[in-house]
>>> print(open('final-v2.json').read())   # JSON, C-alpha atoms and all ligand atoms
[["chain", "number", "residue", "atom", "x", "y", "z"],
["A", 1, "MET", "CA", -35.57, 18.76, -27.49],
["A", 2, "ARG", "CA", -34.84, 16.39, -30.38],
["A", 3, "LEU", "CA", -31.11, 15.72, -30.75],
["A", 4, "PRO", "CA", -29.43, 15.50, -34.17],
["A", 5, "ARG", "CA", -28.63, 11.91, -35.20],
["A", 6, "PRO", "CA", -25.15, 10.50, -35.87],
["A", 7, "LYS", "CA", -24.52, 10.92, -39.57],
["A", 8, "LEU", "CA", -21.87, 10.65, -42.25],
["A", 9, "ILE", "CA", -21.04, 13.79, -44.16],
["A", 10, "GLN", "CA", -19.24, 14.12, -47.47],
["A", 11, "LEU", "CA", -16.41, 16.67, -47.38],
["A", 12, "ASP", "CA", -15.32, 18.76, -50.35],
["A", 13, "GLN", "CA", -12.01, 17.90, -51.96],
["A", 14, "ILE", "CA", -9.84, 20.11, -54.11],
["A", 15, "ARG", "CA", -7.62, 17.93, -56.27],
["A", 16, "SER", "CA", -4.61, 18.93, -58.29],
["A", 17, "ASP", "CA", -1.55, 17.23, -59.74],
["A", 18, "SER", "CA", 0.34, 18.10, -56.56],
["A", 19, "GLY", "CA", -2.19, 16.52, -54.16],
["A", 20, "THR", "CA", -5.60, 16.98, -52.57],
["A", 21, "ILE", "CA", -7.05, 19.33, -49.98],
["A", 22, "THR", "CA", -10.04, 18.06, -47.97],
["A", 23, "VAL", "CA", -12.07, 20.71, -46.18],
["A", 24, "ALA", "CA", -14.36, 20.49, -43.13],
["A", 25, "GLU", "CA", -15.90, 23.89, -42.52],
["A", 26, "SER", "CA", -17.89, 25.02, -39.48],
["A", 27, "GLY", "CA", -21.24, 26.51, -40.49],
["A", 28, "LYS", "CA", -21.25, 24.62, -43.79],
["A", 29, "ASP", "CA", -20.39, 20.99, -43.12],
["A", 30, "PHE", "CA", -21.34, 20.98, -39.43],
["A", 31, "ASP", "CA", -23.09, 23.36, -37.02],
["A", 32, "PHE", "CA", -20.70, 23.76, -34.10],
["A", 33, "SER", "CA", -17.65, 25.96, -33.64],
["A", 34, "VAL", "CA", -14.41, 24.02, -33.18],
["A", 35, "ALA", "CA", -12.86, 24.52, -29.73],
["A", 36, "ARG", "CA", -10.43, 21.57, -29.83],
["A", 37, "VAL", "CA", -8.70, 19.29, -32.30],
["A", 38, "TYR", "CA", -7.09, 15.98, -31.36],
["A", 39, "LEU", "CA", -5.72, 12.91, -33.08],
["A", 40, "ILE", "CA", -5.98, 9.26, -32.11],
["A", 41, "HIS", "CA", -3.06, 7.31, -33.56],
["A", 42, "SER", "CA", -0.48, 4.63, -32.74],
["A", 43, "THR", "CA", -3.33, 2.22, -32.07],
["A", 44, "SER", "CA", -3.13, -1.51, -32.68],
["A", 45, "ALA", "CA", -5.54, -3.89, -34.38],
["A", 46, "ASP", "CA", -7.01, -4.95, -31.02],
["A", 47, "SER", "CA", -7.30, -1.42, -29.56],
["A", 48, "THR", "CA", -10.75, -0.39, -28.40],
["A", 49, "ARG", "CA", -11.40, 3.25, -27.58],
["A", 50, "GLY", "CA", -14.38, 5.32, -26.58],
["A", 51, "ARG", "CA", -16.96, 3.30, -24.64],
["A", 52, "HIS", "CA", -18.56, 6.49, -23.39],
["A", 53, "ALA", "CA", -21.04, 9.19, -24.34],
["A", 54, "HIS", "CA", -20.97, 12.94, -23.95],
["A", 55, "LYS", "CA", -23.66, 15.05, -22.33],
["A", 56, "GLU", "CA", -23.16, 18.07, -24.57],
["A", 57, "LEU", "CA", -20.05, 17.64, -26.72],
["A", 58, "GLU", "CA", -20.44, 17.37, -30.51],
["A", 59, "GLN", "CA", -17.65, 15.92, -32.59],
["A", 60, "LEU", "CA", -16.66, 15.22, -36.15],
["A", 61, "LEU", "CA", -14.50, 12.10, -36.62],
["A", 62, "ILE", "CA", -12.44, 11.66, -39.79],
["A", 63, "ALA", "CA", -10.18, 8.79, -40.82],
["A", 64, "ALA", "CA", -7.32, 11.09, -41.89],
["A", 65, "VAL", "CA", -5.21, 7.98, -42.58],
["A", 66, "GLY", "CA", -6.21, 4.31, -42.68],
["A", 67, "SER", "CA", -9.50, 3.05, -41.33],
["A", 68, "PHE", "CA", -11.44, 2.07, -38.20],
["A", 69, "ARG", "CA", -14.96, 1.17, -37.12],
["A", 70, "VAL", "CA", -17.21, 3.38, -35.02],
["A", 71, "HIS", "CA", -20.09, 1.61, -33.34],
["A", 72, "VAL", "CA", -22.71, 4.06, -32.06],
["A", 73, "GLU", "CA", -25.73, 3.58, -29.82],
["A", 74, "PHE", "CA", -28.15, 6.44, -30.00],
["A", 75, "GLY", "CA", -31.80, 6.79, -28.98],
["A", 76, "GLY", "CA", -32.15, 3.03, -28.49],
["A", 77, "ARG", "CA", -30.67, 2.18, -31.90],
["A", 78, "SER", "CA", -27.27, 0.75, -32.87],
["A", 79, "LEU", "CA", -25.37, 1.97, -35.91],
["A", 80, "SER", "CA", -22.01, 0.88, -37.25],
["A", 81, "PHE", "CA", -19.77, 2.95, -39.52],
["A", 82, "ARG", "CA", -16.47, 2.07, -41.15],
["A", 83, "LEU", "CA", -14.46, 5.25, -41.71],
["A", 84, "GLU", "CA", -11.84, 4.68, -44.39],
["A", 85, "SER", "CA", -11.49, 7.83, -46.43],
["A", 86, "PRO", "CA", -10.48, 11.39, -45.42],
["A", 87, "ASP", "CA", -13.35, 12.90, -47.43],
["A", 88, "VAL", "CA", -16.02, 11.34, -45.18],
["A", 89, "GLY", "CA", -16.68, 12.50, -41.63],
["A", 90, "LEU", "CA", -18.90, 11.06, -38.91],
["A", 91, "LEU", "CA", -20.83, 13.62, -36.88],
["A", 92, "LEU", "CA", -21.51, 12.47, -33.34],
["A", 93, "PRO", "CA", -24.17, 14.40, -31.42],
["A", 94, "PRO", "CA", -24.48, 14.50, -27.64],
["A", 95, "MET", "CA", -25.72, 11.32, -25.92],
["A", 96, "ALA", "CA", -24.26, 8.95, -28.51],
["A", 97, "TRP", "CA", -22.46, 5.99, -26.92],
["A", 98, "ARG", "CA", -19.42, 5.35, -29.14],
["A", 99, "THR", "CA", -16.98, 2.47, -29.38],
["A", 100, "ILE", "CA", -14.08, 2.73, -31.79],
["A", 101, "ASP", "CA", -12.19, -0.41, -32.82],
["A", 102, "GLN", "CA", -10.91, -2.46, -35.77],
["A", 103, "PHE", "CA", -8.13, 0.04, -36.44],
["A", 104, "SER", "CA", -5.93, -0.47, -39.46],
["A", 105, "GLU", "CA", -2.20, -0.48, -38.67],
["A", 106, "ASP", "CA", -1.71, 3.06, -39.98],
["A", 107, "ALA", "CA", -4.96, 4.59, -38.68],
["A", 108, "VAL", "CA", -5.09, 8.25, -37.69],
["A", 109, "CYS", "CA", -8.44, 9.50, -36.40],
["A", 110, "LEU", "CA", -8.80, 13.27, -36.60],
["A", 111, "VAL", "CA", -11.41, 14.70, -34.23],
["A", 112, "LEU", "CA", -12.90, 18.20, -34.33],
["A", 113, "ALA", "CA", -14.71, 18.92, -31.07],
["A", 114, "SER", "CA", -17.18, 21.61, -30.05],
["A", 115, "ASP", "CA", -15.61, 22.18, -26.62],
["A", 116, "VAL", "CA", -12.37, 21.91, -24.72],
["A", 117, "TYR", "CA", -11.69, 18.75, -22.71],
["A", 118, "ARG", "CA", -14.03, 18.55, -19.73],
["A", 119, "GLU", "CA", -14.14, 15.22, -17.91],
["A", 120, "GLU", "CA", -17.49, 16.19, -16.33],
["A", 121, "ASP", "CA", -19.09, 16.06, -19.79],
["A", 122, "TYR", "CA", -18.32, 12.31, -20.11],
["A", 123, "ILE", "CA", -20.71, 9.50, -19.25],
["A", 124, "ARG", "CA", -18.30, 6.58, -18.84],
["A", 125, "SER", "CA", -20.72, 4.17, -17.15],
["A", 126, "TYR", "CA", -22.90, 2.23, -19.60],
["A", 127, "SER", "CA", -25.57, 1.63, -16.96],
["A", 128, "GLU", "CA", -25.75, 5.37, -16.27],
["A", 129, "TYR", "CA", -26.00, 6.01, -20.03],
["A", 130, "SER", "CA", -28.68, 3.42, -20.70],
["A", 131, "SER", "CA", -30.80, 4.49, -17.74],
["A", 132, "GLY", "CA", -31.02, 7.97, -19.29],
["A", 133, "GLN", "CA", -32.27, 6.67, -22.67],
["A", 201, "LIG", "C1", -14.20, 10.55, -27.99],
["A", 201, "LIG", "C2", -13.30, 9.60, -28.70],
["A", 201, "LIG", "C3", -13.53, 9.56, -30.16],
["A", 201, "LIG", "C4", -7.35, 14.78, -22.38],
["A", 201, "LIG", "O1", -6.72, 15.12, -21.38],
["A", 201, "LIG", "N1", -7.68, 15.69, -23.33],
["A", 201, "LIG", "C5", -8.37, 15.37, -24.45],
["A", 201, "LIG", "O2", -8.66, 16.25, -25.27],
["A", 201, "LIG", "C6", -8.75, 14.00, -24.65],
["A", 201, "LIG", "C7", -9.53, 13.59, -25.89],
["A", 201, "LIG", "C8", -8.40, 13.07, -23.70],
["A", 201, "LIG", "N2", -7.71, 13.47, -22.61],
["A", 201, "LIG", "C9", -7.31, 12.45, -21.60],
["A", 201, "LIG", "C10", -8.46, 11.84, -20.82],
["A", 201, "LIG", "C11", -7.96, 10.47, -20.49],
["A", 201, "LIG", "O3", -7.18, 10.51, -19.31],
["A", 201, "LIG", "O4", -6.69, 11.36, -22.29],
["A", 201, "LIG", "C12", -7.02, 10.13, -21.66],
["A", 201, "LIG", "C13", -7.65, 9.19, -22.67],
["A", 201, "LIG", "O5", -8.93, 9.71, -23.05],
["A", 201, "LIG", "P1", -10.15, 8.77, -23.41],
["A", 201, "LIG", "O6", -10.07, 7.50, -22.64],
["A", 201, "LIG", "O7", -11.41, 9.55, -23.30],
["A", 201, "LIG", "O8", -9.82, 8.46, -24.96],
["A", 201, "LIG", "P2", -10.74, 7.77, -26.04],
["A", 201, "LIG", "O9", -9.91, 7.59, -27.26],
["A", 201, "LIG", "O10", -11.44, 6.59, -25.49],
["A", 201, "LIG", "O11", -11.89, 8.88, -26.36],
["A", 201, "LIG", "C14", -11.54, 10.03, -27.11],
["A", 201, "LIG", "C15", -12.28, 11.23, -26.53],
["A", 201, "LIG", "O12", -11.98, 11.37, -25.14],
["A", 201, "LIG", "C16", -13.78, 11.13, -26.70],
["A", 201, "LIG", "O13", -14.35, 12.38, -26.48],
["A", 201, "LIG", "O14", -15.34, 10.74, -28.39],
["A", 201, "LIG", "O15", -11.92, 9.86, -28.46]]
>>> encode(input="final-v2.json", output="structure tokens")
Amino acid sequence: MRLPRPKLIQLDQIRSDSGTITVAESGKDFDFSVARVYLIHSTSADSTRGRHAHKELEQLLIAAVGSFRVHVEFGGRSLSFRLESPDVGLLLPPMAWRTIDQFSEDAVCLVLASDVYREEDYIRSYSEYSSGQ
């Protein structure tokens, strides 16, 4: 089965004088149902997170505040994304090795995930990941 690739998606924004609403909608902007939402925040400039892949989990990452870099290895290729605006999301399919770093001081990463937390879905060993590619 061919897996979807990591990709940036543009989210709709509804602007008014009193502020902006940014919408990420299941079935329209991405294909999975959201089972879990979490935030990564209070990072520092030298924080590095991720360094793992997921067997089945799909996620949408959004820089709700500030910015950070997401380096992704997928299908033998390396891709690098700088997320810096809440109207752009990064869709991460299963089997994408992700490393998140270069956080701005105020960064808040909002993550919409297709499943609840299950440690058995993680591949945390790079050698295990790369031997399956
Ligand atoms: C991912 C990147 C973007 C939980 O108990 N529940 C949760 O929902 C999460 C996300 C984590 N945890 C526990 C598991 C570890 O004991 O929190 C601890 C830190 O998790 P982890 O080292 O996986 O954190 P990150 O920031 O490296 O990775 C997280 C997600 O786990 C991962 O799915 O893609 O953010």
>>> closest_residue(input="final-v2.json", among="A:Ser85, A:Ser47, A:Ser42, A:Gln59", to="Ser26 of chain A", atoms="all atoms listed in the file")
A:Gln59
>>> closest_residue(input="final-v2.json", among="A:Asp46, A:Glu25, A:Glu58, A:Glu120", to="Arg5 of chain A", atoms="all atoms listed in the file")
A:Glu58
>>> residues_near_ligand(input="final-v2.json", ligand="ligand LIG 201 (chain A)", cutoff="6 Å", atoms="all atoms listed in the file", output="ChimeraX atom specification")
/A:49-50,117
>>> residues_around(input="final-v2.json", residues="segment 98-104 of chain A", least_positions_apart="6", cutoff="9 Å", atoms="only C-alpha atoms", output="VMD selection string")
chain A and resid 43 to 53 66 to 74 82 92
>>> axis_aligned_box(input="final-v2.json", around="segment 7-22 of chain A", padding_each_side="6 Å", output="lines of an AutoDock Vina configuration file")
center_x = -12.1
center_y = 15.4
center_z = -49.7
size_x = 36.9
size_y = 21.5
size_z = 32.2
>>> closest_residue(input="final-v2.json", among="A:Ala96, A:Val65, A:Val37, A:Leu90", to="Ile123 of chain A", atoms="only C-alpha atoms")
A:Ala96
>>> residues_near_point(input="final-v2.json", point="(-17.1, 16.2, -48.4)", cutoff="8 Å", atoms="all atoms listed in the file", output="list in words")
Ile9, Gln10, Leu11, Asp12, Gln13, Thr22, Val23, Ala24, Asp29, Asp87, Val88 and Gly89 of chain A
>>> atom_distance(input="final-v2.json", atom1="atom CA of Ile40 of chain A", atom2="atom CA of Gly76 of chain A")
27.1 Å
>>> closest_residue(input="final-v2.json", among="A:Val34, A:Leu3, A:Leu60, A:Ile14", to="Val111 of chain A", atoms="all atoms listed in the file")
A:Leu60
>>> atom_distance(input="final-v2.json", atom1="atom CA of Lys28 of chain A", atom2="atom CA of Asp121 of chain A")
25.6 Å
>>> decode(input="final-v2.json", residues="segment 52-68 of chain A", atoms="all heavy atoms", output="short mmCIF file (atom, residue, chain, number, x, y, z; two decimals), in the first residue's frame")
data_model
loop_
_atom_site.label_atom_id
_atom_site.label_comp_id
_atom_site.auth_asym_id
_atom_site.auth_seq_id
_atom_site.Cartn_x
_atom_site.Cartn_y
_atom_site.Cartn_z
N HIS A 52 11.49 10.05 16.30
CA HIS A 52 10.79 8.77 16.24
C HIS A 52 9.85 8.78 15.03
O HIS A 52 9.64 9.81 14.40
CB HIS A 52 10.00 8.51 17.53
CG HIS A 52 9.03 9.58 17.88
ND1 HIS A 52 9.18 10.44 18.93
CD2 HIS A 52 7.89 9.96 17.28
CE1 HIS A 52 8.18 11.28 18.98
NE2 HIS A 52 7.38 11.01 17.97
N ALA A 53 9.30 7.62 14.75
CA ALA A 53 8.25 7.49 13.73
C ALA A 53 7.07 6.78 14.38
O ALA A 53 7.18 6.27 15.49
CB ALA A 53 8.77 6.69 12.53
N HIS A 54 5.96 6.79 13.67
CA HIS A 54 4.78 6.06 14.14
C HIS A 54 4.40 5.00 13.13
O HIS A 54 4.49 5.22 11.91
CB HIS A 54 3.59 7.02 14.34
CG HIS A 54 3.73 7.85 15.57
ND1 HIS A 54 3.41 7.37 16.81
CD2 HIS A 54 4.17 9.11 15.74
CE1 HIS A 54 3.64 8.32 17.72
NE2 HIS A 54 4.10 9.38 17.10
N LYS A 55 3.97 3.85 13.63
CA LYS A 55 3.57 2.77 12.72
C LYS A 55 2.26 3.11 12.01
O LYS A 55 2.11 2.86 10.82
CB LYS A 55 3.40 1.47 13.51
CG LYS A 55 4.70 0.97 14.13
CD LYS A 55 4.46 -0.20 15.07
CE LYS A 55 5.72 -0.51 15.86
NZ LYS A 55 5.47 -1.37 17.01
N GLU A 56 1.31 3.68 12.75
CA GLU A 56 -0.01 3.92 12.15
C GLU A 56 -0.53 5.34 12.36
O GLU A 56 -1.39 5.79 11.62
CB GLU A 56 -1.04 2.94 12.74
CG GLU A 56 -0.76 1.51 12.35
CD GLU A 56 -1.79 0.53 12.89
OE1 GLU A 56 -2.71 0.96 13.62
OE2 GLU A 56 -1.66 -0.66 12.58
N LEU A 57 -0.03 6.01 13.37
CA LEU A 57 -0.59 7.33 13.74
C LEU A 57 -0.40 8.36 12.62
O LEU A 57 0.67 8.46 12.03
CB LEU A 57 0.11 7.84 15.00
CG LEU A 57 -0.53 9.07 15.65
CD1 LEU A 57 -1.82 8.70 16.37
CD2 LEU A 57 0.45 9.71 16.64
N GLU A 58 -1.44 9.14 12.38
CA GLU A 58 -1.36 10.31 11.48
C GLU A 58 -1.55 11.55 12.34
O GLU A 58 -2.36 11.53 13.28
CB GLU A 58 -2.45 10.24 10.42
CG GLU A 58 -2.31 9.08 9.49
CD GLU A 58 -3.50 9.01 8.54
OE1 GLU A 58 -3.59 9.85 7.64
OE2 GLU A 58 -4.33 8.12 8.74
N GLN A 59 -0.84 12.61 11.98
CA GLN A 59 -0.92 13.82 12.79
C GLN A 59 -0.88 15.07 11.91
O GLN A 59 -0.28 15.06 10.84
CB GLN A 59 0.24 13.87 13.78
CG GLN A 59 0.26 12.70 14.75
CD GLN A 59 1.22 12.91 15.89
OE1 GLN A 59 0.81 13.18 17.01
NE2 GLN A 59 2.49 12.81 15.61
N LEU A 60 -1.49 16.10 12.43
CA LEU A 60 -1.38 17.43 11.82
C LEU A 60 -0.71 18.35 12.83
O LEU A 60 -1.21 18.50 13.95
CB LEU A 60 -2.78 17.96 11.46
CG LEU A 60 -2.81 19.38 10.89
CD1 LEU A 60 -2.08 19.45 9.54
CD2 LEU A 60 -4.26 19.86 10.71
N LEU A 61 0.44 18.91 12.45
CA LEU A 61 1.19 19.83 13.32
C LEU A 61 0.96 21.26 12.86
O LEU A 61 1.05 21.55 11.64
CB LEU A 61 2.69 19.54 13.25
CG LEU A 61 3.26 18.43 14.15
CD1 LEU A 61 2.61 17.10 13.89
CD2 LEU A 61 4.78 18.35 13.97
N ILE A 62 0.71 22.14 13.80
CA ILE A 62 0.46 23.55 13.48
C ILE A 62 1.27 24.41 14.46
O ILE A 62 1.26 24.15 15.67
CB ILE A 62 -1.05 23.88 13.63
CG1 ILE A 62 -1.89 23.05 12.65
CG2 ILE A 62 -1.31 25.37 13.42
CD1 ILE A 62 -3.39 23.14 12.88
N ALA A 63 1.95 25.41 13.93
CA ALA A 63 2.62 26.39 14.80
C ALA A 63 1.55 27.39 15.24
O ALA A 63 1.32 28.40 14.58
CB ALA A 63 3.76 27.07 14.05
N ALA A 64 0.86 27.07 16.34
CA ALA A 64 -0.22 27.95 16.83
C ALA A 64 0.36 29.31 17.23
O ALA A 64 -0.28 30.35 17.05
CB ALA A 64 -0.94 27.30 17.99
N VAL A 65 1.57 29.29 17.79
CA VAL A 65 2.30 30.51 18.17
C VAL A 65 3.77 30.28 17.82
O VAL A 65 4.29 29.17 18.01
CB VAL A 65 2.17 30.80 19.69
CG1 VAL A 65 2.93 32.09 20.06
CG2 VAL A 65 0.71 30.88 20.13
N GLY A 66 4.44 31.29 17.35
CA GLY A 66 5.88 31.22 17.11
C GLY A 66 6.22 30.30 15.94
O GLY A 66 5.42 30.11 15.01
N SER A 67 7.38 29.69 16.02
CA SER A 67 7.86 28.89 14.89
C SER A 67 8.79 27.77 15.36
O SER A 67 9.34 27.82 16.47
CB SER A 67 8.58 29.80 13.89
OG SER A 67 9.74 30.34 14.49
N PHE A 68 8.97 26.79 14.50
CA PHE A 68 9.91 25.69 14.75
C PHE A 68 10.14 24.98 13.42
O PHE A 68 9.42 25.20 12.44
CB PHE A 68 9.38 24.72 15.81
CG PHE A 68 7.96 24.28 15.59
CD1 PHE A 68 7.66 23.21 14.76
CD2 PHE A 68 6.91 24.96 16.21
CE1 PHE A 68 6.35 22.83 14.55
CE2 PHE A 68 5.59 24.58 16.00
CZ PHE A 68 5.31 23.52 15.16
#
